[in-house]
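*Asks:* So here's query.cif, just mmCIF, C-alpha atoms and all ligand atoms:
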```cif
data_model
loop_
_atom_site.label_atom_id
_atom_site.label_comp_id
_atom_site.auth_asym_id
_atom_site.auth_seq_id
_atom_site.Cartn_x
_atom_site.Cartn_y
_atom_site.Cartn_z
CA MET A 592 131.15 134.95 102.66
CA ARG A 593 130.72 138.34 104.24
CA LEU A 594 129.15 139.59 100.98
CA LEU A 595 126.75 136.63 100.95
CA THR A 596 125.73 137.37 104.52
CA TYR A 597 125.05 141.00 103.67
CA CYS A 598 123.00 139.82 100.68
CA SER A 599 121.01 137.43 102.84
CA ILE A 600 120.29 140.12 105.38
CA PHE A 601 119.40 142.50 102.59
CA ILE A 602 117.06 139.94 101.00
CA LEU A 603 115.44 139.17 104.35
CA PHE A 604 115.05 142.88 104.97
CA VAL A 605 113.40 143.42 101.58
CA LEU A 606 111.13 140.40 102.06
CA GLY A 607 110.34 141.61 105.55
CA CYS A 608 109.45 145.00 104.16
CA THR A 609 107.30 143.34 101.51
CA GLU A 610 105.39 141.46 104.17
CA GLU A 611 104.96 144.60 106.26
CA ASP A 612 104.17 147.06 103.47
CA TYR A 613 102.11 145.01 101.09
CA GLU A 614 100.65 142.09 102.97
CA ALA A 615 98.97 143.04 106.21
CA ALA A 616 95.92 145.08 105.27
CA THR A 617 92.99 146.18 107.39
CA VAL A 618 89.47 146.06 105.96
CA THR A 619 86.83 148.52 107.05
CA PHE A 620 83.34 149.73 106.15
CA TYR A 621 83.92 153.10 104.50
CA PRO A 622 82.75 155.81 104.00
CA SER A 623 79.36 155.00 105.51
CA LEU A 624 78.48 152.93 108.58
CA ALA A 625 74.70 153.05 108.24
CA GLY A 626 71.94 153.30 105.66
CA SER A 627 68.18 153.21 105.44
CA THR A 628 65.31 152.75 103.03
CA THR A 629 61.63 151.80 102.98
CA GLU A 630 60.21 148.38 102.21
CA PRO A 631 58.87 148.33 98.65
CA ALA A 632 55.12 148.07 98.06
CA PRO A 633 53.71 144.59 97.36
CA GLY A 634 54.59 143.43 93.85
CA THR A 635 57.29 146.05 93.33
CA ALA A 636 61.04 145.60 93.36
CA GLY A 637 63.20 147.19 96.01
CA THR A 638 66.15 149.38 95.13
CA PRO A 639 69.57 147.84 95.76
CA PHE A 640 71.53 149.74 98.42
CA ARG A 641 75.29 149.70 98.00
CA VAL A 642 77.59 149.14 100.98
CA ASP A 643 81.30 149.88 100.42
CA LEU A 644 84.39 148.50 102.10
CA VAL A 645 88.03 149.51 101.66
CA THR A 646 91.36 148.02 102.61
CA SER A 647 94.14 150.04 104.20
CA ARG A 648 96.53 149.17 101.35
CA VAL A 649 96.74 147.48 97.99
CA LEU A 650 96.33 143.74 98.45
CA ALA A 651 99.35 141.62 97.57
CA ARG A 652 97.09 138.60 97.12
CA GLU A 653 93.45 137.97 96.38
CA SER A 654 91.65 137.95 99.73
CA GLN A 655 88.21 137.15 101.11
CA VAL A 656 86.05 138.88 103.67
CA ASN A 657 83.13 137.15 105.38
CA ILE A 658 80.38 139.43 106.61
CA LYS A 659 77.89 138.09 109.10
CA VAL A 660 74.31 139.32 108.78
CA ALA A 661 71.88 139.54 111.67
CA GLY A 662 68.43 141.09 111.75
CA ASN A 663 64.73 140.73 112.31
CA GLY A 664 62.03 140.04 109.76
CA ALA A 665 61.42 136.89 107.76
CA GLY A 666 65.06 136.62 106.69
CA TYR A 667 67.11 136.18 103.56
CA GLY A 668 65.10 135.65 100.40
CA PHE A 669 61.91 136.93 102.07
CA SER A 670 62.66 140.31 103.66
CA TYR A 671 65.81 141.06 101.66
CA VAL A 672 68.41 139.68 99.30
CA THR A 673 72.06 140.55 98.83
CA ASN A 674 74.45 140.61 95.92
CA PRO A 675 76.60 138.60 96.01
CA PRO A 676 73.96 136.19 97.27
CA GLN A 677 74.40 134.36 100.54
CA LEU A 678 75.65 130.86 99.78
CA GLN A 679 75.55 130.13 103.48
CA GLN A 680 72.57 131.64 105.34
CA GLY A 681 73.66 134.77 107.20
CA ILE A 682 77.12 135.10 105.57
CA ILE A 683 78.16 137.28 102.63
CA THR A 684 81.55 136.40 101.16
CA LEU A 685 83.38 139.10 99.22
CA THR A 686 86.50 138.50 97.20
CA ILE A 687 88.93 141.37 96.67
CA PRO A 688 91.39 140.73 93.84
CA GLU A 689 95.14 141.20 94.14
CA GLY A 690 96.12 144.81 93.54
CA GLU A 691 92.74 146.19 94.64
CA THR A 692 91.62 148.18 97.69
CA THR A 693 87.84 148.28 97.43
CA THR A 694 84.82 146.04 97.34
CA PHE A 695 81.09 146.34 97.95
CA PHE A 696 77.87 144.41 98.22
CA THR A 697 74.25 145.42 97.81
CA ILE A 698 71.22 144.76 99.97
CA THR A 699 67.79 144.90 98.36
CA PRO A 700 64.72 145.03 100.60
CA LEU A 701 61.75 142.89 99.57
CA ASN A 702 58.10 143.17 100.47
CA ASP A 703 57.74 140.14 102.72
CA GLY A 704 53.97 140.30 103.18
CA VAL A 705 54.59 140.59 106.93
CA VAL A 706 53.92 143.73 108.94
CA GLU A 707 56.97 144.50 111.04
CA VAL A 708 55.68 147.43 113.03
CA ASN A 709 59.03 148.11 114.67
CA ASP A 710 60.67 148.23 111.22
CA TYR A 711 63.68 146.15 110.18
CA GLU A 712 67.19 146.53 111.48
CA TYR A 713 70.09 144.59 110.00
CA THR A 714 73.64 144.44 111.30
CA PHE A 715 76.48 143.52 108.95
CA THR A 716 79.65 142.57 110.81
CA ILE A 717 83.06 141.82 109.31
CA ASP A 718 83.61 138.38 110.78
CA GLN A 719 86.48 136.67 108.99
CA PHE A 720 89.16 137.54 106.43
CA SER A 721 91.93 135.74 104.61
CA ASN A 722 95.33 136.13 102.95
CA SER A 723 96.44 139.76 102.80
CA ILE A 724 93.74 141.01 105.15
CA ARG A 725 94.78 140.61 108.76
CA SER A 726 92.45 142.85 110.70
CA SER A 727 89.25 144.88 110.53
CA GLY A 728 88.66 148.53 111.37
CA GLN A 729 85.11 149.88 111.48
CA ASN A 730 83.57 146.45 111.29
CA THR A 731 79.83 147.07 111.66
CA PHE A 732 77.31 148.47 109.19
CA LYS A 733 73.68 149.06 110.20
CA PHE A 734 70.85 149.02 107.70
CA TYR A 735 67.29 150.06 108.50
CA VAL A 736 64.22 149.25 106.42
CA ALA A 737 60.98 150.97 107.39
CA GLU A 738 57.72 149.08 107.11
CA PRO A 739 55.50 151.20 104.84
CA PRO A 740 52.50 152.60 106.73
CA LEU A 741 48.97 151.52 105.84
CA VAL A 742 48.03 155.20 105.77
CA ASP A 743 50.64 157.88 105.15
CA GLN A 744 49.41 161.46 104.77
CA ASN A 745 51.74 164.44 104.75
CA PHE A 746 49.01 166.74 103.35
CA ASN A 747 51.60 168.41 101.09
CA ASP A 748 49.21 168.29 98.14
CA CYS A 749 46.35 169.64 100.28
CA SER A 750 44.16 171.91 98.18
CA GLY A 751 40.80 173.08 99.46
CA ALA A 752 40.18 170.02 101.60
CA PRO A 753 42.65 167.31 102.63
CA ALA A 754 42.74 164.23 100.45
CA ALA A 755 41.83 160.89 102.06
CA PHE A 756 39.60 162.56 104.66
CA THR A 757 36.09 164.01 104.64
CA GLU A 758 34.78 166.59 107.07
CA ARG A 759 31.36 165.76 108.54
CA ILE A 760 29.64 168.46 110.57
CA VAL A 761 27.13 167.44 113.21
CA PRO A 762 23.80 169.09 112.34
CA GLY A 763 22.93 171.92 114.75
CA SER A 764 26.57 172.74 115.50
CA MET A 765 28.60 175.51 113.81
CA ALA A 766 27.76 175.07 110.14
CA ALA A 767 30.96 176.41 108.55
CA THR A 768 33.74 174.25 107.23
CA LEU A 769 36.25 174.03 110.07
CA TRP A 770 38.93 171.72 108.72
CA ALA A 771 41.05 173.28 105.98
CA CYS A 772 44.50 173.17 104.38
CA THR A 773 47.22 175.34 105.84
CA ASP A 774 50.66 176.28 104.55
CA PHE A 775 52.06 176.06 108.09
CA GLY A 776 52.83 172.35 108.25
CA PHE A 777 55.47 170.24 109.95
CA PRO A 778 58.20 171.17 110.52
CA ASN A 779 57.57 174.67 109.15
CA GLU A 780 55.77 176.58 106.44
CA SER A 781 57.68 174.67 103.76
CA THR A 782 55.00 171.94 103.89
CA LYS A 783 51.22 171.91 104.08
CA ALA A 784 49.05 170.47 106.81
CA VAL A 785 45.38 170.31 107.79
CA GLU A 786 43.99 172.67 110.40
CA ALA A 787 40.80 173.08 112.44
CA ASN A 788 39.71 176.51 113.63
CA ALA A 789 36.29 177.93 114.52
CA PHE A 790 37.37 181.55 115.04
CA GLY A 791 35.28 184.02 113.03
CA LYS A 792 33.26 181.23 111.40
CA GLY A 793 29.77 182.25 112.54
CA ALA A 794 27.08 181.08 114.91
CA GLY A 795 27.11 177.93 116.93
CA VAL A 796 29.60 175.73 118.71
CA SER A 797 31.96 173.57 116.65
CA ASN A 798 31.43 169.83 116.42
CA SER A 799 33.07 168.59 113.29
CA TYR A 800 34.65 165.22 112.46
CA LEU A 801 37.53 164.86 110.04
CA ILE A 802 36.94 161.24 109.01
CA LEU A 803 39.40 158.97 107.22
CA ASN A 804 37.57 157.97 104.03
CA ASN A 805 38.67 154.35 104.02
CA PRO A 806 37.40 152.26 106.91
CA LEU A 807 39.94 149.99 108.58
CA ASP A 808 39.20 146.28 108.72
CA GLY A 809 39.86 144.81 112.16
CA THR A 810 40.25 141.32 110.68
CA ASP A 811 43.51 142.51 109.10
CA PHE A 812 45.30 143.46 112.31
CA SER A 813 45.52 143.03 116.04
CA GLU A 814 47.11 146.39 116.74
CA MET A 815 47.02 149.78 115.10
CA ILE A 816 49.68 152.46 115.64
CA ILE A 817 48.48 155.95 114.79
CA ASN A 818 51.05 158.73 114.76
CA MET A 819 50.70 162.38 113.89
CA GLN A 820 52.34 165.73 114.43
CA VAL A 821 50.09 168.22 116.24
CA TYR A 822 50.52 171.99 116.66
CA SER A 823 48.32 174.66 118.21
CA ARG A 824 49.00 178.32 117.52
CA PHE A 825 46.08 179.95 119.31
CA SER A 826 44.53 179.23 122.68
CA GLY A 827 40.79 179.50 123.15
CA ALA A 828 37.74 177.29 123.39
CA GLY A 829 37.62 173.88 121.75
CA GLN A 830 39.65 170.67 121.66
CA ILE A 831 40.50 167.80 119.34
CA ARG A 832 40.00 164.11 120.06
CA LEU A 833 40.97 161.01 118.07
CA LYS A 834 38.02 158.62 117.95
CA TYR A 835 36.84 155.48 116.21
CA SER A 836 33.46 154.00 115.50
CA SER A 837 32.41 150.53 114.42
CA ASN A 838 28.82 151.54 113.69
CA TYR A 839 29.16 154.75 111.70
CA SER A 840 27.91 154.25 108.15
CA GLY A 841 30.66 156.29 106.52
CA THR A 842 28.35 159.05 105.32
CA GLY A 843 26.09 161.66 106.86
CA ASN A 844 25.75 162.81 110.43
CA PRO A 845 28.55 161.29 112.51
CA GLU A 846 26.36 161.59 115.59
CA ALA A 847 23.24 160.10 114.03
CA ASP A 848 21.07 157.97 116.31
CA GLY A 849 22.87 154.79 117.29
CA VAL A 850 26.35 155.93 116.22
CA THR A 851 28.93 155.60 118.95
CA TRP A 852 32.52 156.86 118.98
CA THR A 853 35.25 155.76 121.35
CA GLU A 854 38.28 157.88 122.20
CA VAL A 855 41.61 156.36 121.21
CA PRO A 856 43.28 155.87 124.59
CA GLY A 857 46.25 158.06 125.41
CA PHE A 858 45.73 160.52 122.56
CA ALA A 859 44.30 163.45 124.50
CA ALA A 860 46.92 163.21 127.25
CA GLN A 861 49.77 163.64 124.76
CA LEU A 862 48.37 166.71 123.00
CA PRO A 863 50.29 169.96 123.31
CA SER A 864 48.40 172.75 125.13
CA ALA A 865 46.25 175.05 123.06
CA GLY A 866 48.41 177.96 121.89
CA SER A 867 51.70 176.25 122.82
CA ARG A 868 53.21 176.74 119.34
CA ALA A 869 55.38 173.62 119.31
CA TRP A 870 54.98 170.62 117.00
CA THR A 871 54.41 167.51 119.09
CA LEU A 872 54.54 163.91 117.89
CA VAL A 873 51.47 162.17 119.29
CA LYS A 874 51.62 158.36 119.18
CA SER A 875 48.60 156.19 119.84
CA ASN A 876 48.05 152.44 119.99
CA LEU A 877 44.74 150.74 119.49
CA THR A 878 44.58 147.07 120.42
CA ASP A 879 41.00 146.33 121.40
CA ILE A 880 39.50 146.31 117.91
CA GLY A 881 37.56 143.14 117.17
CA ASP A 882 37.02 141.65 113.73
CA GLU A 883 35.00 144.62 112.58
CA GLN A 884 35.29 147.58 110.32
CA ILE A 885 36.02 150.90 111.96
CA TYR A 886 36.08 154.53 110.94
CA LEU A 887 38.71 156.78 112.41
CA ALA A 888 38.15 160.51 112.94
CA ILE A 889 39.63 163.60 114.53
CA GLN A 890 36.82 165.53 116.18
CA PHE A 891 37.05 169.28 116.77
CA GLN A 892 34.50 170.30 119.34
CA GLY A 893 33.77 173.37 121.46
CA GLY A 894 35.22 176.28 119.50
CA THR A 895 33.12 179.37 118.83
CA THR A 896 33.36 182.32 116.49
CA SER A 897 34.70 184.56 119.28
CA SER A 898 36.92 182.03 121.07
CA SER A 899 38.60 179.14 119.39
CA SER A 900 41.84 177.25 119.73
CA ASN A 901 43.31 176.04 116.45
CA TRP A 902 44.84 172.63 115.74
CA ARG A 903 47.18 171.64 112.93
CA ILE A 904 47.76 167.98 112.01
CA ASP A 905 50.61 166.76 109.82
CA ASP A 906 52.45 163.53 108.95
CA PHE A 907 49.49 161.33 109.82
CA THR A 908 50.42 157.64 109.64
CA ILE A 909 48.79 154.36 110.54
CA LYS A 910 50.72 151.14 110.86
CA ILE A 911 49.10 147.81 111.66
CA LYS A 912 50.37 144.51 112.96
CA CA B 1001 57.01 143.97 105.73
CA CA B 1002 53.06 168.30 105.51
#
```
Write the structure described by the file as structure tokens, please.

*Replies:*
Amino acid sequence: MRLLTYCSIFILFVLGCTEEDYEAATVTFYPSLAGSTTEPAPGTAGTPFRVDLVTSRVLARESQVNIKVAGNGAGYGFSYVTNPPQLQQGIITLTIPEGETTTFFTITPLNDGVVEVNDYEYTFTIDQFSNSIRSSGQNTFKFYVAEPPLVDQNFNDCSGAPAAFTERIVPGSMAATLWACTDFGFPNESTKAVEANAFGKGAGVSNSYLILNNPLDGTDFSEMIINMQVYSRFSGAGQIRLKYSSNYSGTGNPEADGVTWTEVPGFAAQLPSAGSRAWTLVKSNLTDIGDEQIYLAIQFQGGTTSSSSNWRIDDFTIKIK
């Protein structure tokens, strides 16, 4: 009898240990809690991004984890898909076999044909679990998908003159080419940029437009977000302005009779001072474009051969919505 009691206690103890040591596992996102990518171009497939989870111990039984998905954009099947697929909208169910400690799912961004100017942000939250999993640790994973810009110029292949832009000099102003490639881009001389400078360039006062070759069609958007990095190494005469025109022809004198340019509001006020030697992200919004085609330009005006500020532009992007 006494022996039997000892055995029972021993068996209970062992079973108890089994429950404690092998049953109650915690599941957690590991090693990463965040990831990011860019939305694929129209007609191209996105790259699956793998998200890993681990359990705190080997599972004694096959167990499930439900992960709740929240985010903006057009939703599952339009802005992204997951593998395993979502059988119930907004829930990914993962099964971890007995004897295992790891699992993962993938998220693949899709081009949804919708411009999400604030980009996409998804939150994956461990919501429910079963069997051997009794708790969750780091239970949130964030995934960011950037909307690809309409225009995206880092000037890193700049050679001679910047691609995608054409310099147009107003007749009667300083005749020399003023916009050129520079090796001193953002954030440092490891990348190229485009730069305007009139110093030592001969007679006249600068008035030169660096014009984006492709006009932008106002019927395609209600708002345009134009961002660029700006740097000025030297102080002196001259300034840059971001302007647009709905009646410029796209070629020839940018100040020909009848051509009007409007300053993009807020641009000038955000510029670093001439000679300040600090890269500054200048962000502009344009909302009052009608259903017309516009040209966008950076104008460098007022520099002379004996006194000129210089202006470097890098990471020029335009997003529309
Ligand atoms: Ca999109
Ligand atoms: Ca660059």

*Asks:* Would you list the residues that come within 10 Å of ligand CA 1002 (chain B)? Count only C-alpha atoms and all ligand atoms and give the answer as a list in words.

*Replies:*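 Using only C-alpha atoms and all ligand atoms, I find these residues within 10 Å of ligand CA 1002 (chain B): Gln744, Asn745, Phe746, Asn747, Asp748, Cys749, Cys772, Thr773, Asp774, Phe775, Gly776, Phe777, Pro778, Asn779, Glu780, Ser781, Thr782, Lys783, Ala784, Val785, Gln820, Ile904, Asp905, Asp906 and Phe907 of chain A.
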
*Asks:* Of the candidates A:Asn674, A:Asp879, A:Asp643, A:Val706, which shows the shortest atom-to-atom distance to ligand CA 1001 (chain B), using only C-alpha atoms and all ligand atoms?

*Replies:* A:Val706

*Asks:* Produce as a PyMOL selection string the set of residues near ligand CA 1001 (chain B), where near means within 10 Å with all atoms listed in the file considered.

*Replies:* chain A and resi 629-633+664-665+669-670+700-708+710-711+736-740+912

*Asks:* Neighbouring residues of Val855 (chain A) were defined as those with any atom within 9 Å, considering all atoms listed in the file; residues of the same chain fewer than 5 positions away were excluded. Please report them as a list in words.

*Replies:* Arg832, Leu833, Lys834, Tyr835, Ser875, Asn876 and Leu877 of chain A

*Asks:* Which residues are near Thr878 (chain A)? Cut-off 8 Å, all atoms listed in the file, ignore same chain within fewer than 3 positions. Put them as a JSON list (two decimals) with C-alpha atoms, keeping the file's coordinate frame.

*Replies:*
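New file selection.json:
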```json
[["chain", "number", "residue", "atom", "x", "y", "z"],
["A", 813, "SER", "CA", 45.52, 143.03, 116.04],
["A", 814, "GLU", "CA", 47.11, 146.39, 116.74],
["A", 815, "MET", "CA", 47.02, 149.78, 115.10]]
```

*Asks:* What gap, in Å, lies between CA of Asp808 (chain A) and CA of Pro856 (chain A)?

*Replies:*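 Computing the Euclidean distance for CA of Asp808 (chain A) and CA of Pro856 (chain A) yields 19.0 Å.
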
*Asks:* In Å to one decimal, how far is CA of Val873 (chain A) from CA of Val796 (chain A)?

*Replies:*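 Result for CA of Val796 (chain A) versus CA of Val873 (chain A): 25.7 Å, one decimal.
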
*Asks:* Hey, which of A:Thr686, A:Thr842, A:Gln729, A:Thr619 ends up closest to Asn804 (chain A)? Count only C-alpha atoms.

*Replies:*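 Of all the options, A:Thr842 lies closest to Asn804 (chain A).
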
*Asks:* Report, in Å with one decimal, the straight-line distance from CA of Gly881 (chain A) to CA of Phe858 (chain A).

*Replies:*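 Those two atoms sit 19.9 Å apart.
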
*Asks:* Which residues come within 7 Å of Gly893 (chain A), counting all atoms listed in the file, excluding same-chain residues fewer than 4 positions away, as a list in words?

*Replies:* Val796, Ser797, Asn798, Ala828, Gly829 and Gln830 of chain A

*Asks:* Can you write out the residues you just picked, keeping C-alpha atoms, as a compact mmCIF listing (two decimals), keeping the file's coordinate frame?

*Replies:*
```txt
# COMPACT_ATOMS: atom_id res chain seq x y z
CA VAL A 796 29.60 175.73 118.71
CA SER A 797 31.96 173.57 116.65
CA ASN A 798 31.43 169.83 116.42
CA ALA A 828 37.74 177.29 123.39
CA GLY A 829 37.62 173.88 121.75
CA GLN A 830 39.65 170.67 121.66
```

*Asks:* Measuring atom to atom with all atoms listed in the file, identify which of A:Tyr822, A:Glu846, A:Trp852, A:Gln861 is nearest to Arg903 (chain A).

*Replies:* A:Tyr822

*Asks:* Nearest to Pro676 (chain A): which of A:Thr646, A:Ser727, A:Thr699, A:Ser897 is it, counting only C-alpha atoms?

*Replies:*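 Nearest candidate to Pro676 (chain A) out of A:Thr646, A:Ser727, A:Thr699, A:Ser897: A:Thr699.
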
*Asks:* Could I see region 824-844 of chain A restored to N, CA and C atoms, set down as a PDB file, in the frame of the given file?

*Replies:*
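What landed in result27.pdb:
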```pdb
ATOM      1  N   ARG A 824      48.459 176.958 117.492  1.00  0.00           N
ATOM      2  CA  ARG A 824      49.000 178.320 117.520  1.00  0.00           C
ATOM      3  C   ARG A 824      48.238 179.222 118.483  1.00  0.00           C
ATOM      4  N   PHE A 825      46.904 179.046 118.504  1.00  0.00           N
ATOM      5  CA  PHE A 825      46.080 179.950 119.310  1.00  0.00           C
ATOM      6  C   PHE A 825      45.364 179.187 120.431  1.00  0.00           C
ATOM      7  N   SER A 826      45.337 179.800 121.607  1.00  0.00           N
ATOM      8  CA  SER A 826      44.530 179.230 122.680  1.00  0.00           C
ATOM      9  C   SER A 826      43.109 179.740 122.532  1.00  0.00           C
ATOM     10  N   GLY A 827      42.198 179.125 123.242  1.00  0.00           N
ATOM     11  CA  GLY A 827      40.790 179.500 123.150  1.00  0.00           C
ATOM     12  C   GLY A 827      39.947 178.266 123.350  1.00  0.00           C
ATOM     13  N   ALA A 828      38.651 178.409 123.147  1.00  0.00           N
ATOM     14  CA  ALA A 828      37.740 177.290 123.390  1.00  0.00           C
ATOM     15  C   ALA A 828      37.951 176.198 122.337  1.00  0.00           C
ATOM     16  N   GLY A 829      37.602 174.984 122.714  1.00  0.00           N
ATOM     17  CA  GLY A 829      37.620 173.880 121.750  1.00  0.00           C
ATOM     18  C   GLY A 829      38.803 172.947 121.943  1.00  0.00           C
ATOM     19  N   GLN A 830      38.609 171.697 121.517  1.00  0.00           N
ATOM     20  CA  GLN A 830      39.650 170.670 121.660  1.00  0.00           C
ATOM     21  C   GLN A 830      39.515 169.677 120.520  1.00  0.00           C
ATOM     22  N   ILE A 831      40.590 168.912 120.290  1.00  0.00           N
ATOM     23  CA  ILE A 831      40.500 167.800 119.340  1.00  0.00           C
ATOM     24  C   ILE A 831      40.589 166.481 120.099  1.00  0.00           C
ATOM     25  N   ARG A 832      39.942 165.470 119.517  1.00  0.00           N
ATOM     26  CA  ARG A 832      40.000 164.110 120.060  1.00  0.00           C
ATOM     27  C   ARG A 832      40.106 163.133 118.885  1.00  0.00           C
ATOM     28  N   LEU A 833      40.887 162.082 119.072  1.00  0.00           N
ATOM     29  CA  LEU A 833      40.970 161.010 118.070  1.00  0.00           C
ATOM     30  C   LEU A 833      40.007 159.909 118.499  1.00  0.00           C
ATOM     31  N   LYS A 834      39.075 159.572 117.587  1.00  0.00           N
ATOM     32  CA  LYS A 834      38.020 158.620 117.950  1.00  0.00           C
ATOM     33  C   LYS A 834      37.818 157.592 116.847  1.00  0.00           C
ATOM     34  N   TYR A 835      37.216 156.479 117.223  1.00  0.00           N
ATOM     35  CA  TYR A 835      36.840 155.480 116.210  1.00  0.00           C
ATOM     36  C   TYR A 835      35.438 154.981 116.466  1.00  0.00           C
ATOM     37  N   SER A 836      34.828 154.510 115.389  1.00  0.00           N
ATOM     38  CA  SER A 836      33.460 154.000 115.500  1.00  0.00           C
ATOM     39  C   SER A 836      33.326 152.747 114.646  1.00  0.00           C
ATOM     40  N   SER A 837      32.659 151.751 115.202  1.00  0.00           N
ATOM     41  CA  SER A 837      32.410 150.530 114.420  1.00  0.00           C
ATOM     42  C   SER A 837      30.987 150.513 113.873  1.00  0.00           C
ATOM     43  N   ASN A 838      30.199 151.555 114.200  1.00  0.00           N
ATOM     44  CA  ASN A 838      28.820 151.540 113.690  1.00  0.00           C
ATOM     45  C   ASN A 838      28.451 152.796 112.910  1.00  0.00           C
ATOM     46  N   TYR A 839      29.431 153.616 112.591  1.00  0.00           N
ATOM     47  CA  TYR A 839      29.160 154.750 111.700  1.00  0.00           C
ATOM     48  C   TYR A 839      29.072 154.227 110.273  1.00  0.00           C
ATOM     49  N   SER A 840      28.154 154.775 109.501  1.00  0.00           N
ATOM     50  CA  SER A 840      27.910 154.250 108.150  1.00  0.00           C
ATOM     51  C   SER A 840      28.969 154.689 107.148  1.00  0.00           C
ATOM     52  N   GLY A 841      29.685 155.767 107.480  1.00  0.00           N
ATOM     53  CA  GLY A 841      30.660 156.290 106.520  1.00  0.00           C
ATOM     54  C   GLY A 841      30.169 157.533 105.818  1.00  0.00           C
ATOM     55  N   THR A 842      28.882 157.820 105.901  1.00  0.00           N
ATOM     56  CA  THR A 842      28.350 159.050 105.320  1.00  0.00           C
ATOM     57  C   THR A 842      27.361 159.679 106.282  1.00  0.00           C
ATOM     58  N   GLY A 843      27.113 160.971 106.084  1.00  0.00           N
ATOM     59  CA  GLY A 843      26.090 161.660 106.860  1.00  0.00           C
ATOM     60  C   GLY A 843      26.533 162.005 108.265  1.00  0.00           C
ATOM     61  N   ASN A 844      25.538 162.331 109.075  1.00  0.00           N
ATOM     62  CA  ASN A 844      25.750 162.810 110.430  1.00  0.00           C
ATOM     63  C   ASN A 844      26.561 161.817 111.259  1.00  0.00           C
TER      64      ASN A 844
END
```
